[in-house]
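Participant: Please read through the structure below; I'll follow up with questions.
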Protein chains: 2
Amino acid sequence: MMAYERLRVGLAGLGTVGGGVCRLLEQNAQVLAMRSGKEIVITAVCARDRDKQRGFDLGDARWYDDPVALASADEVDVVVEVMGGSGDPAKALIEAALEHRKPVVTANKALLAVHGLSLARLEERYQTPICAEAAVAGGIPVLKALREGLAANRLDALHGILNGTCNYILTEMQETGRGFEDILREAQQLGYAEADPSFDVDGIDAAHKLALLSAMAFGTEVCFSEVYVEGIRKVSAVDIAYAAELGYRIKLLGIAKRHQDGRIEQRVHPCMVPKHAPIAKVDGVFNGVVVHGDFVDKIVMEGRGAGAGPTASAVVADLIDIARGNTSPLFGVRATLLSAFRGVPLAQRVGMYYVRLMVVDRPGVIADVSAILRDEQVSLEALLQRGRAPGEAVPVVFTTHETNEAAMQRALQSIAKLDAVLEPPQMLRIETLT
Amino acid sequence: MMAYERLRVGLAGLGTVGGGVCRLLEQNAQVLAMRSGKEIVITAVCARDRDKQRGFDLGDARWYDDPVALASADEVDVVVEVMGGSGDPAKALIEAALEHRKPVVTANKALLAVHGLSLARLEERYQTPICAEAAVAGGIPVLKALREGLAANRLDALHGILNGTCNYILTEMQETGRGFEDILREAQQLGYAEADPSFDVDGIDAAHKLALLSAMAFGTEVCFSEVYVEGIRKVSAVDIAYAAELGYRIKLLGIAKRHQDGRIEQRVHPCMVPKHAPIAKVDGVFNGVVVHGDFVDKIVMEGRGAGAGPTASAVVADLIDIARGNTSPLFGVRATLLSAFRGVPLAQRVGMYYVRLMVVDRPGVIADVSAILRDEQVSLEALLQRGRAPGEAVPVVFTTHETNEAAMQRALQSIAKLDAVLEPPQMLRIETLT
């Protein structure tokens with residue numbers, strides 16, 4: 001290889017992603033040097049356990065037990081944080097790196113969702129970039145698209161499949177007809193789900209990512225605490241079958257919209273989406289993001305959202321940008337220009353709904369349900385009751401025309417109190433994604 | 001608006017795209033200033049006809065009759081070339097701008113496909129960027145993805161729907177069962193096709209774009225003359241129907257692959273693609289690009305590939321990058337680092353094939369065809385002959401297992417010579433896109 005100036009990387013975290021970064025930097029060294037103009041080398045590392053067998057070569061990299069010490073090391077030009085965790089030591093490491101004017105690359109969505117604003121302020125104060133492509137949607141360069149590729153647009157809405165574990169589970173449920181618990185166990189065996197899956201299946205991980213995308217798209221202060229979050233545990237095989245019958249797929253979506261008055265709607269929950277919508281076709285462990293802008297119209301991006309390879313691809317793309325001197329502010333504009341976050345309560349959501357009831361099959365039940373909906377001004381689009389089993393439990397499924405969440409919730413509370421309704425109603429929001 | 005330094009744009013070309021750029025810069029001025037740190041204003045313009053009514057406001061911009069004069073004007077910091085045409089005056093304008101150290105934004109795929117290498121050398125010599133996001137796939141930030149977002153990868157293959165006119169025609173043929181000429185006429189009335197459609201429907205436009213993508217993905221000198229090009233005129237409604245029956249869609253794809261030995265395969269032609277492949281689902285005027293990298297695996301991007309809004313979105317994204325000082329070399333690496341292009345002849349293509357024959361319905365025809373295929377070592381996958389009309393013309397359709405183009409072409413020549421074969425055989429390449 002011809003002689004290049006070196007970009008010396010301090011790598012904090014030697015798990016799956018850290019290992020992927022090491023392998024990528026070694027395997028593609030030549031092409032990286034050609035593209036970035038620098039030889040990108042790991043000169044310092046830090047992890048919890050020095051003696052662990054990792055199966056990849058750390059070369060001559062100096063070992064640090066303390067991440068903050070790594071951030072200030074002389075032999076480090078740029079810090080890569082792939083430790084994870086929404087607080088210290090990751091936060092302390094990044095703060096120390098910025099104070100030492102060392103650019104930071106991080107894959108840490110949890111940290112940025114919670115402390116992103118204070119870190120963006122430090123980024124501005126120290127004029128030292130934080131790059132975070134790997135934090136959202138793995139190998140898909142979606143942050144670059146939002147902050148650069150689509151930067152000419154006033155963006156008004158985005159939605160995405162941001163968690164591959166959930167999408168894998170829902171896709172398998174769809175394809176096999178099997179239940180959530182069953183597929184989750186299988187996903188755990190295949191390594192697609194963690195032993196403790198709650199972070200993924202309860203929607204927290206997707207909500208972290210949505211909060212970041214929302215802030216970057218709309219130029220507001222990141223606000224994870226104002227993401228409405230609901231996971232996929234209550235999605236049942238029977239609802240997936242009804243969705244298919246009605247022309248929909250069930251997906252865990254992150255949805256962010258800017259209203260005319262500047263308020264931002266942020267939600268993560270299972271949705272019914274039309275089966276022909278681009279996002280409906282993103283299956284298995286893949287992630288997908290759809291962005292709407294005033295000039296570009298709709299852009300769809302799809303790819304692997306996790307795993308050593310795709311995440312390392314994103315981390316190293318950030319290193320190339322740093323080597324080239326081509327970085328953008330973390331949230332697309334300087335921290336001081338971000339507008340204060342003003343949220344839209346879930347109760348103001350307007351849209352269609354799917355509801356499944358388990359009712360005693362006897363005359364008058366539908367009349368009672370219909371009357372409650374009428375009283376809340378909720379208009380039925382379709383109603384299905386299949387089979388007869390007088391005196392026994394049967395499912396009744398209906399979809400509504402556009403209504404608002406508050407009215408729907410009130411109606412569901414009243415419906416749940418009917419004697420003939422045997423289980424809490426199952427409700428799913430229908431997103432038409434126009 | 002708070003006070004920003006100005007980035008003064010000289011706009012050459014006031015057609016659809018030029019108009020879109022004017023409108024975008026005006027409508028989104030505030031958000032552009034926040035993101036780019038500069039107020040982006042048009043201070044000079046140039047077009048063929050000064051007196052034409054254009055329906056958008058040029059403000060105080062100074063008029064130039066000569067594009068080269070615009071490039072050297074004092075009041076111009078950056079030149080936007082949206083005149084089109086694969087030679088002068090666009091080429092002379094860009095060269096003049098670079099000589100004056102003025103960054104260039106261009107949407108001109110024809111020019112870059114033919115003169116891209118010499119322009120990239122000027123870019124390097126004058127250390128002045130040429131940005132061309134708008135040249136390929138309209139509003140989809142695919143060049144940014146190749147040169148930056150996926151830059152950590154060794155890319156080995158890409159394919160895309162790169163011409164919205166062709167995709168619109170094929171989609172309509174698919175959905176309505178109507179023929180090419182019929183839909184083309186309709187597309188012309190709707191403004192989706194030009195009065196002279198040959199540039200689009202004969203695949204030239206897609207080939208220009210493919211040559212650019214290929215050079216950027218693989219780091220080779222751009223080589224438009226070594227793109228195999230075949231348009232969609234001979235795709236018939238009957239083939240589209242057979243494709244659907246066999247589980248395929250017919251799409252005009254641009255395909256570029258790097259072989260192990262560094263040679264590059266570049267082709268634009270109608271393909272049969274599995275109906276579940278991501279690219280098969282890109283319909284109507286939309287464009288789509290699928291890229292394979294060694295770490296990121298597969299990335300899919302989809303959006304509007306033409307029109308004033310999406311193209312202006314890409315042009316202005318480049319202006320923002322220039323304002324921020326964040327530009328990459330035109331082809332992803334410095335011109336001096338691009339490797340010489342070495343092509344793979346079409347005759348070496350290996351893959352499956354679809355063939356439709358119109359034959360006289362009499363005994364022995366299939367035996368003759370089969371014997372020819374056997375002699376060329378081409379193995380049949382499926383053969384369909386529907387209906388009987390003794391002594392009359394009937395279609396016979398077959399698909400092959402993997403074989404090479406040269407063998408297939410020899411077999412087709414022999415088949416065409418059979419007495420019972422009434423028309424030149426229709427052949428379509430099947431791309432499995434693994």
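Ligands are numbered from 1 in the order shown, chains are lettered A, B, ... in the order of the structure tokens, and residues start at 1 in each chain.
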Counting only C-alpha atoms, collect the residues of chain A whose closest atom lies at most 6 Å from chain B, and write them out as a compact mmCIF listing (two decimals) with C-alpha atoms, in the first residue's frame.

Facilitator:
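Output saved as result_26.txt:
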# COMPACT_ATOMS: atom_id res chain seq x y z
CA ARG A 35 -11.38 6.44 -0.45
CA GLY A 139 -25.98 -0.58 7.55
CA PRO A 141 -27.16 5.12 5.55
CA GLY A 149 -28.99 13.64 0.93
CA ALA A 151 -31.33 18.17 3.40
CA ALA A 152 -32.89 20.41 0.75
CA PHE A 295 -39.60 18.34 -3.00
CA VAL A 296 -38.31 14.77 -3.10
CA LYS A 298 -41.13 9.68 -0.88
CA ILE A 299 -37.82 7.88 -0.40
CA VAL A 300 -37.62 4.26 0.75
CA MET A 301 -34.45 2.66 2.12
CA GLU A 302 -34.09 -0.97 3.14
CA GLY A 303 -31.29 -3.15 4.45
CA GLY A 309 -21.11 -6.58 9.29
CA PRO A 310 -23.79 -3.95 8.62
CA SER A 313 -20.11 -0.76 7.68
CA VAL A 316 -16.39 2.80 9.33
CA ALA A 317 -18.35 5.01 6.89
CA ASN A 326 -16.81 15.77 5.90
CA VAL A 333 -28.23 21.68 12.44

Participant: Excluding Asp49 (chain B) and its own-chain neighbours fewer than 4 positions away, which residues fall within 12 Å of it when counting only C-alpha atoms? Please give them as a ChimeraX atom specification.

Facilitator: /B:12-15,45,53-54,63-66

Participant: Deliver the residues from the most recent selection as a file, using N, CA and C atoms, as a PDB file, in the first residue's frame.

Facilitator:
ATOM      1  N   ALA B  12     -27.147  27.668 -14.804  1.00  0.00           N
ATOM      2  CA  ALA B  12     -27.162  27.552 -16.262  1.00  0.00           C
ATOM      3  C   ALA B  12     -28.195  26.517 -16.670  1.00  0.00           C
ATOM      4  N   GLY B  13     -29.274  26.990 -17.277  1.00  0.00           N
ATOM      5  CA  GLY B  13     -30.378  26.107 -17.645  1.00  0.00           C
ATOM      6  C   GLY B  13     -31.611  26.480 -16.857  1.00  0.00           C
ATOM      7  N   LEU B  14     -32.665  26.865 -17.565  1.00  0.00           N
ATOM      8  CA  LEU B  14     -33.887  27.304 -16.877  1.00  0.00           C
ATOM      9  C   LEU B  14     -35.087  26.501 -17.356  1.00  0.00           C
ATOM     10  N   GLY B  15     -34.876  25.227 -17.601  1.00  0.00           N
ATOM     11  CA  GLY B  15     -35.968  24.329 -17.976  1.00  0.00           C
ATOM     12  C   GLY B  15     -36.667  23.805 -16.730  1.00  0.00           C
ATOM     13  N   VAL B  45     -27.904  33.843 -14.055  1.00  0.00           N
ATOM     14  CA  VAL B  45     -28.578  32.786 -14.791  1.00  0.00           C
ATOM     15  C   VAL B  45     -28.195  32.852 -16.262  1.00  0.00           C
ATOM     16  N   GLN B  53     -41.418  33.096 -21.187  1.00  0.00           N
ATOM     17  CA  GLN B  53     -42.168  33.145 -19.921  1.00  0.00           C
ATOM     18  C   GLN B  53     -41.914  31.843 -19.170  1.00  0.00           C
ATOM     19  N   ARG B  54     -41.470  31.934 -17.948  1.00  0.00           N
ATOM     20  CA  ARG B  54     -41.084  30.705 -17.252  1.00  0.00           C
ATOM     21  C   ARG B  54     -41.928  30.377 -16.032  1.00  0.00           C
ATOM     22  N   TRP B  63     -28.328  38.258 -16.021  1.00  0.00           N
ATOM     23  CA  TRP B  63     -28.520  37.375 -17.180  1.00  0.00           C
ATOM     24  C   TRP B  63     -27.224  37.239 -17.975  1.00  0.00           C
ATOM     25  N   TYR B  64     -26.892  36.018 -18.360  1.00  0.00           N
ATOM     26  CA  TYR B  64     -25.769  35.776 -19.270  1.00  0.00           C
ATOM     27  C   TYR B  64     -26.268  35.023 -20.488  1.00  0.00           C
ATOM     28  N   ASP B  65     -25.838  35.450 -21.652  1.00  0.00           N
ATOM     29  CA  ASP B  65     -26.150  34.688 -22.857  1.00  0.00           C
ATOM     30  C   ASP B  65     -25.157  33.543 -23.035  1.00  0.00           C
ATOM     31  N   ASP B  66     -23.951  33.758 -22.503  1.00  0.00           N
ATOM     32  CA  ASP B  66     -22.868  32.796 -22.694  1.00  0.00           C
ATOM     33  C   ASP B  66     -22.584  32.066 -21.378  1.00  0.00           C
TER      34      ASP B  66
END

Participant: Can you list, as a PyMOL selection string, all residues belonging to region 13-160 of chain B that DSSP tags as strand (DSSP E)?

Facilitator: chain B and resi 38-46+62-64+78-81+104-106+130-131+155-160

Participant: Quick one: write out the picked residues with N, CA and C atoms as a PDB file, in the first residue's frame?

Facilitator:
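The resulting file, again.pdb, is reproduced below:
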ATOM      1  N   LYS B  38     -25.278  28.777   5.302  1.00  0.00           N
ATOM      2  CA  LYS B  38     -25.174  29.881   4.338  1.00  0.00           C
ATOM      3  C   LYS B  38     -26.537  30.164   3.714  1.00  0.00           C
ATOM      4  N   GLU B  39     -26.675  31.399   3.280  1.00  0.00           N
ATOM      5  CA  GLU B  39     -27.862  31.755   2.522  1.00  0.00           C
ATOM      6  C   GLU B  39     -27.552  31.452   1.051  1.00  0.00           C
ATOM      7  N   ILE B  40     -28.288  30.533   0.460  1.00  0.00           N
ATOM      8  CA  ILE B  40     -27.998  30.102  -0.911  1.00  0.00           C
ATOM      9  C   ILE B  40     -28.876  30.904  -1.864  1.00  0.00           C
ATOM     10  N   VAL B  41     -28.249  31.741  -2.698  1.00  0.00           N
ATOM     11  CA  VAL B  41     -29.014  32.645  -3.559  1.00  0.00           C
ATOM     12  C   VAL B  41     -28.526  32.553  -5.004  1.00  0.00           C
ATOM     13  N   ILE B  42     -29.459  32.673  -5.925  1.00  0.00           N
ATOM     14  CA  ILE B  42     -29.114  32.687  -7.347  1.00  0.00           C
ATOM     15  C   ILE B  42     -28.784  34.116  -7.744  1.00  0.00           C
ATOM     16  N   THR B  43     -27.548  34.307  -8.193  1.00  0.00           N
ATOM     17  CA  THR B  43     -27.113  35.665  -8.549  1.00  0.00           C
ATOM     18  C   THR B  43     -26.886  35.816 -10.048  1.00  0.00           C
ATOM     19  N   ALA B  44     -26.851  34.686 -10.764  1.00  0.00           N
ATOM     20  CA  ALA B  44     -26.642  34.769 -12.210  1.00  0.00           C
ATOM     21  C   ALA B  44     -27.350  33.600 -12.879  1.00  0.00           C
ATOM     22  N   VAL B  45     -27.904  33.843 -14.055  1.00  0.00           N
ATOM     23  CA  VAL B  45     -28.578  32.786 -14.791  1.00  0.00           C
ATOM     24  C   VAL B  45     -28.195  32.852 -16.262  1.00  0.00           C
ATOM     25  N   CYS B  46     -28.449  31.754 -16.933  1.00  0.00           N
ATOM     26  CA  CYS B  46     -28.104  31.651 -18.336  1.00  0.00           C
ATOM     27  C   CYS B  46     -29.042  30.628 -18.959  1.00  0.00           C
ATOM     28  N   ARG B  62     -28.399  38.175 -12.491  1.00  0.00           N
ATOM     29  CA  ARG B  62     -27.877  38.775 -13.712  1.00  0.00           C
ATOM     30  C   ARG B  62     -27.982  37.768 -14.863  1.00  0.00           C
ATOM     31  N   TRP B  63     -28.328  38.258 -16.021  1.00  0.00           N
ATOM     32  CA  TRP B  63     -28.520  37.375 -17.180  1.00  0.00           C
ATOM     33  C   TRP B  63     -27.224  37.239 -17.975  1.00  0.00           C
ATOM     34  N   TYR B  64     -26.892  36.018 -18.360  1.00  0.00           N
ATOM     35  CA  TYR B  64     -25.769  35.776 -19.270  1.00  0.00           C
ATOM     36  C   TYR B  64     -26.268  35.023 -20.488  1.00  0.00           C
ATOM     37  N   VAL B  78     -20.515  29.339  -7.115  1.00  0.00           N
ATOM     38  CA  VAL B  78     -20.706  27.953  -7.496  1.00  0.00           C
ATOM     39  C   VAL B  78     -21.628  27.911  -8.716  1.00  0.00           C
ATOM     40  N   VAL B  79     -21.351  26.962  -9.615  1.00  0.00           N
ATOM     41  CA  VAL B  79     -22.103  26.878 -10.867  1.00  0.00           C
ATOM     42  C   VAL B  79     -23.006  25.646 -10.843  1.00  0.00           C
ATOM     43  N   VAL B  80     -24.275  25.852 -11.173  1.00  0.00           N
ATOM     44  CA  VAL B  80     -25.209  24.731 -11.330  1.00  0.00           C
ATOM     45  C   VAL B  80     -25.502  24.559 -12.816  1.00  0.00           C
ATOM     46  N   GLU B  81     -25.148  23.394 -13.340  1.00  0.00           N
ATOM     47  CA  GLU B  81     -25.351  23.117 -14.767  1.00  0.00           C
ATOM     48  C   GLU B  81     -26.523  22.161 -14.928  1.00  0.00           C
ATOM     49  N   VAL B 104     -18.892  22.854  -8.957  1.00  0.00           N
ATOM     50  CA  VAL B 104     -19.926  22.628  -9.961  1.00  0.00           C
ATOM     51  C   VAL B 104     -20.926  21.612  -9.432  1.00  0.00           C
ATOM     52  N   VAL B 105     -22.207  21.907  -9.642  1.00  0.00           N
ATOM     53  CA  VAL B 105     -23.261  20.924  -9.424  1.00  0.00           C
ATOM     54  C   VAL B 105     -23.891  20.660 -10.777  1.00  0.00           C
ATOM     55  N   THR B 106     -23.982  19.393 -11.146  1.00  0.00           N
ATOM     56  CA  THR B 106     -24.569  19.083 -12.451  1.00  0.00           C
ATOM     57  C   THR B 106     -25.530  17.915 -12.355  1.00  0.00           C
ATOM     58  N   ILE B 130     -16.849  18.547  -8.337  1.00  0.00           N
ATOM     59  CA  ILE B 130     -18.020  18.383  -9.196  1.00  0.00           C
ATOM     60  C   ILE B 130     -18.991  17.479  -8.435  1.00  0.00           C
ATOM     61  N   CYS B 131     -20.202  17.961  -8.194  1.00  0.00           N
ATOM     62  CA  CYS B 131     -21.209  17.168  -7.484  1.00  0.00           C
ATOM     63  C   CYS B 131     -22.312  16.811  -8.466  1.00  0.00           C
ATOM     64  N   LEU B 155     -17.692  -3.090  -2.806  1.00  0.00           N
ATOM     65  CA  LEU B 155     -18.981  -3.341  -3.458  1.00  0.00           C
ATOM     66  C   LEU B 155     -18.750  -4.310  -4.606  1.00  0.00           C
ATOM     67  N   ASP B 156     -19.628  -5.265  -4.761  1.00  0.00           N
ATOM     68  CA  ASP B 156     -19.384  -6.244  -5.818  1.00  0.00           C
ATOM     69  C   ASP B 156     -20.480  -6.326  -6.859  1.00  0.00           C
ATOM     70  N   ALA B 157     -21.629  -5.729  -6.590  1.00  0.00           N
ATOM     71  CA  ALA B 157     -22.709  -5.787  -7.581  1.00  0.00           C
ATOM     72  C   ALA B 157     -23.758  -4.740  -7.276  1.00  0.00           C
ATOM     73  N   LEU B 158     -24.393  -4.251  -8.308  1.00  0.00           N
ATOM     74  CA  LEU B 158     -25.560  -3.386  -8.139  1.00  0.00           C
ATOM     75  C   LEU B 158     -26.489  -3.600  -9.313  1.00  0.00           C
ATOM     76  N   HIS B 159     -27.766  -3.348  -9.075  1.00  0.00           N
ATOM     77  CA  HIS B 159     -28.710  -3.324 -10.185  1.00  0.00           C
ATOM     78  C   HIS B 159     -29.772  -2.297  -9.878  1.00  0.00           C
ATOM     79  N   GLY B 160     -30.376  -1.754 -10.930  1.00  0.00           N
ATOM     80  CA  GLY B 160     -31.342  -0.711 -10.672  1.00  0.00           C
ATOM     81  C   GLY B 160     -32.300  -0.469 -11.803  1.00  0.00           C
TER      82      GLY B 160
END

Participant: Could you tell me how far CA of Lys91 (chain A) lies from CA of Ala335 (chain A), in Å and to one decimal?

Facilitator: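 So the answer is 17.6 Å.
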
Participant: When DSSP works through the backbone of this structure, what residues of region 96-154 of chain B end up as alpha helix (DSSP H), shown as a ChimeraX atom specification?

Facilitator: /B:96-99,109-126,142-144

Participant: Could you write out that same residue set with C-alpha atoms as a PDB file, in the first residue's frame?

Facilitator:
ATOM      1  CA  ALA B  96     -14.482  27.029 -17.174  1.00  0.00           C
ATOM      2  CA  ALA B  97     -16.002  26.860 -13.708  1.00  0.00           C
ATOM      3  CA  LEU B  98     -13.321  24.439 -12.479  1.00  0.00           C
ATOM      4  CA  GLU B  99     -10.551  26.583 -13.940  1.00  0.00           C
ATOM      5  CA  LYS B 109     -25.587  12.106 -16.827  1.00  0.00           C
ATOM      6  CA  ALA B 110     -24.961  12.102 -20.583  1.00  0.00           C
ATOM      7  CA  LEU B 111     -22.013  14.455 -20.226  1.00  0.00           C
ATOM      8  CA  LEU B 112     -20.538  12.627 -17.224  1.00  0.00           C
ATOM      9  CA  ALA B 113     -20.984   9.202 -18.816  1.00  0.00           C
ATOM     10  CA  VAL B 114     -18.977  10.334 -21.832  1.00  0.00           C
ATOM     11  CA  HIS B 115     -16.555  12.926 -20.410  1.00  0.00           C
ATOM     12  CA  GLY B 116     -16.620  12.011 -16.709  1.00  0.00           C
ATOM     13  CA  LEU B 117     -13.012  10.862 -16.562  1.00  0.00           C
ATOM     14  CA  SER B 118     -11.555  14.017 -18.074  1.00  0.00           C
ATOM     15  CA  LEU B 119     -13.780  16.137 -15.826  1.00  0.00           C
ATOM     16  CA  ALA B 120     -12.719  14.132 -12.752  1.00  0.00           C
ATOM     17  CA  ARG B 121      -9.105  14.832 -13.703  1.00  0.00           C
ATOM     18  CA  LEU B 122      -9.857  18.541 -13.853  1.00  0.00           C
ATOM     19  CA  GLU B 123     -11.649  18.248 -10.518  1.00  0.00           C
ATOM     20  CA  GLU B 124      -8.469  16.830  -9.029  1.00  0.00           C
ATOM     21  CA  ARG B 125      -6.142  19.254 -10.803  1.00  0.00           C
ATOM     22  CA  TYR B 126      -8.078  22.318  -9.658  1.00  0.00           C
ATOM     23  CA  VAL B 142     -27.720   6.983  -4.288  1.00  0.00           C
ATOM     24  CA  LEU B 143     -24.387   8.571  -5.269  1.00  0.00           C
ATOM     25  CA  LYS B 144     -23.960   9.734  -1.685  1.00  0.00           C
TER      26      LYS B 144
END

Participant: Work out how far CA of Ser214 (chain A) is from CA of Ser86 (chain A), in Å to one decimal.

Facilitator: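 So the answer is 18.5 Å.
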
Participant: So the first atom is CA of Asn404 (chain B) and the second is CA of Val360 (chain B); what is the distance between them in Å, to one decimal place?

Facilitator: 27.9 Å

Participant: Name all residues at most 9 Å from Thr399 (chain B) (count only C-alpha atoms; drop same-chain ones fewer than 2 positions away) and give them as a list in words.

Facilitator: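 These residues fall inside the cut-off: Met352, Tyr353, Tyr354, Val355, Arg356, Ser379, Leu380, Glu381, Ala382, Leu383, Val397, His401 and Ile430 of chain B.
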
Participant: Can you spit out the residues from that selection as a PDB file, in the first residue's frame, using N, CA and C atoms?

Facilitator:
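Full text of out-v5.pdb as output:
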ATOM      1  N   MET B 352     -29.924 -17.685 -16.536  1.00  0.00           N
ATOM      2  CA  MET B 352     -31.067 -18.374 -17.107  1.00  0.00           C
ATOM      3  C   MET B 352     -31.674 -17.525 -18.234  1.00  0.00           C
ATOM      4  N   TYR B 353     -32.442 -18.161 -19.093  1.00  0.00           N
ATOM      5  CA  TYR B 353     -33.059 -17.473 -20.229  1.00  0.00           C
ATOM      6  C   TYR B 353     -34.519 -17.878 -20.382  1.00  0.00           C
ATOM      7  N   TYR B 354     -35.296 -16.922 -20.883  1.00  0.00           N
ATOM      8  CA  TYR B 354     -36.685 -17.163 -21.301  1.00  0.00           C
ATOM      9  C   TYR B 354     -36.725 -17.010 -22.803  1.00  0.00           C
ATOM     10  N   VAL B 355     -37.377 -17.928 -23.502  1.00  0.00           N
ATOM     11  CA  VAL B 355     -37.494 -17.824 -24.959  1.00  0.00           C
ATOM     12  C   VAL B 355     -38.949 -18.106 -25.351  1.00  0.00           C
ATOM     13  N   ARG B 356     -39.456 -17.267 -26.261  1.00  0.00           N
ATOM     14  CA  ARG B 356     -40.781 -17.527 -26.822  1.00  0.00           C
ATOM     15  C   ARG B 356     -40.650 -17.661 -28.331  1.00  0.00           C
ATOM     16  N   SER B 379     -29.706 -26.528 -20.995  1.00  0.00           N
ATOM     17  CA  SER B 379     -30.617 -27.437 -20.318  1.00  0.00           C
ATOM     18  C   SER B 379     -31.953 -26.738 -20.038  1.00  0.00           C
ATOM     19  N   LEU B 380     -33.042 -27.364 -20.463  1.00  0.00           N
ATOM     20  CA  LEU B 380     -34.378 -26.778 -20.264  1.00  0.00           C
ATOM     21  C   LEU B 380     -34.805 -26.832 -18.805  1.00  0.00           C
ATOM     22  N   GLU B 381     -35.430 -25.750 -18.346  1.00  0.00           N
ATOM     23  CA  GLU B 381     -36.017 -25.775 -17.009  1.00  0.00           C
ATOM     24  C   GLU B 381     -37.509 -26.060 -17.110  1.00  0.00           C
ATOM     25  N   ALA B 382     -38.173 -25.389 -18.049  1.00  0.00           N
ATOM     26  CA  ALA B 382     -39.622 -25.556 -18.210  1.00  0.00           C
ATOM     27  C   ALA B 382     -39.973 -25.276 -19.647  1.00  0.00           C
ATOM     28  N   LEU B 383     -41.053 -25.901 -20.119  1.00  0.00           N
ATOM     29  CA  LEU B 383     -41.523 -25.681 -21.491  1.00  0.00           C
ATOM     30  C   LEU B 383     -43.042 -25.659 -21.462  1.00  0.00           C
ATOM     31  N   VAL B 397     -43.122 -21.594 -25.280  1.00  0.00           N
ATOM     32  CA  VAL B 397     -42.291 -20.823 -24.360  1.00  0.00           C
ATOM     33  C   VAL B 397     -41.427 -21.782 -23.561  1.00  0.00           C
ATOM     34  N   HIS B 401     -32.056 -23.598 -17.631  1.00  0.00           N
ATOM     35  CA  HIS B 401     -31.171 -23.495 -16.468  1.00  0.00           C
ATOM     36  C   HIS B 401     -30.001 -22.591 -16.839  1.00  0.00           C
ATOM     37  N   ILE B 430     -33.140 -13.963 -17.682  1.00  0.00           N
ATOM     38  CA  ILE B 430     -33.701 -14.063 -16.334  1.00  0.00           C
ATOM     39  C   ILE B 430     -32.597 -13.718 -15.343  1.00  0.00           C
TER      40      ILE B 430
END

Participant: Extract, using only C-alpha atoms, all DNA, RNA and protein residues at most 9 Å from Gly247 (chain A), discarding same-chain residues fewer than 6 positions from it, and format them as a list in words.

Facilitator: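 Once the nearby chain positions are removed, what remains is Val273, Pro274, Lys275 and His276 of chain A.
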
Participant: Could you turn the residues from that selection into a file that holds C-alpha atoms, as a compact mmCIF listing (two decimals), in the first residue's frame?

Facilitator:
# COMPACT_ATOMS: atom_id res chain seq x y z
CA VAL A 273 -50.33 -1.35 6.98
CA PRO A 274 -51.70 -1.92 3.46
CA LYS A 275 -50.00 -5.00 2.06
CA HIS A 276 -48.82 -3.07 -1.03

Participant: Show which residues sit within 9 Å of region 163-178 of chain B, as JSON, numbers by chain. Count only C-alpha atoms, and ignore same-chain residues fewer than 6 positions away.

Facilitator: {"B": [137, 184, 187, 192, 193, 194, 197, 200, 201, 202, 203, 205, 206, 209, 231, 232, 235, 236, 237, 238, 240, 241, 244, 249, 250, 251, 252, 253, 282, 283, 284, 285, 286, 287, 304, 305, 306]}

Participant: Grab the residues selected above and save them as a short mmCIF file (atom, residue, chain, number, x, y, z; two decimals), in the first residue's frame with C-alpha atoms.

Facilitator:
data_model
loop_
_atom_site.label_atom_id
_atom_site.label_comp_id
_atom_site.auth_asym_id
_atom_site.auth_seq_id
_atom_site.Cartn_x
_atom_site.Cartn_y
_atom_site.Cartn_z
CA ALA B 137 -32.04 8.37 -9.90
CA LEU B 184 -46.07 4.76 -24.98
CA ALA B 187 -47.17 8.14 -21.53
CA TYR B 192 -43.97 10.78 -18.80
CA ALA B 193 -42.33 10.23 -22.18
CA GLU B 194 -40.73 12.64 -24.66
CA PRO B 197 -38.80 8.66 -26.81
CA ASP B 200 -35.46 6.57 -22.82
CA VAL B 201 -37.06 3.51 -24.39
CA ASP B 202 -33.90 2.38 -26.16
CA GLY B 203 -32.05 2.27 -22.85
CA ASP B 205 -30.47 7.15 -20.54
CA ALA B 206 -30.34 4.14 -18.20
CA LYS B 209 -26.60 6.30 -15.35
CA GLY B 231 -34.29 -1.12 -24.84
CA ILE B 232 -37.86 -2.16 -24.20
CA VAL B 235 -41.13 -6.41 -24.96
CA SER B 236 -44.63 -7.59 -25.78
CA ALA B 237 -47.80 -7.97 -23.75
CA VAL B 238 -47.70 -11.72 -24.31
CA ILE B 240 -45.35 -9.93 -19.77
CA ALA B 241 -48.24 -12.34 -19.30
CA ALA B 244 -46.36 -13.34 -14.58
CA ARG B 249 -41.84 -9.43 -13.66
CA ILE B 250 -40.21 -7.80 -16.69
CA LYS B 251 -38.10 -4.75 -15.78
CA LEU B 252 -35.54 -2.71 -17.65
CA LEU B 253 -32.53 -3.12 -15.37
CA VAL B 282 -40.52 -0.79 -7.80
CA ASP B 283 -43.39 0.24 -10.03
CA GLY B 284 -44.56 3.15 -12.17
CA VAL B 285 -42.29 6.17 -12.55
CA PHE B 286 -40.27 5.21 -9.48
CA ASN B 287 -36.59 4.32 -9.66
CA ARG B 304 -38.77 9.33 -7.75
CA GLY B 305 -36.13 9.29 -10.44
CA ALA B 306 -37.13 12.38 -12.35
#
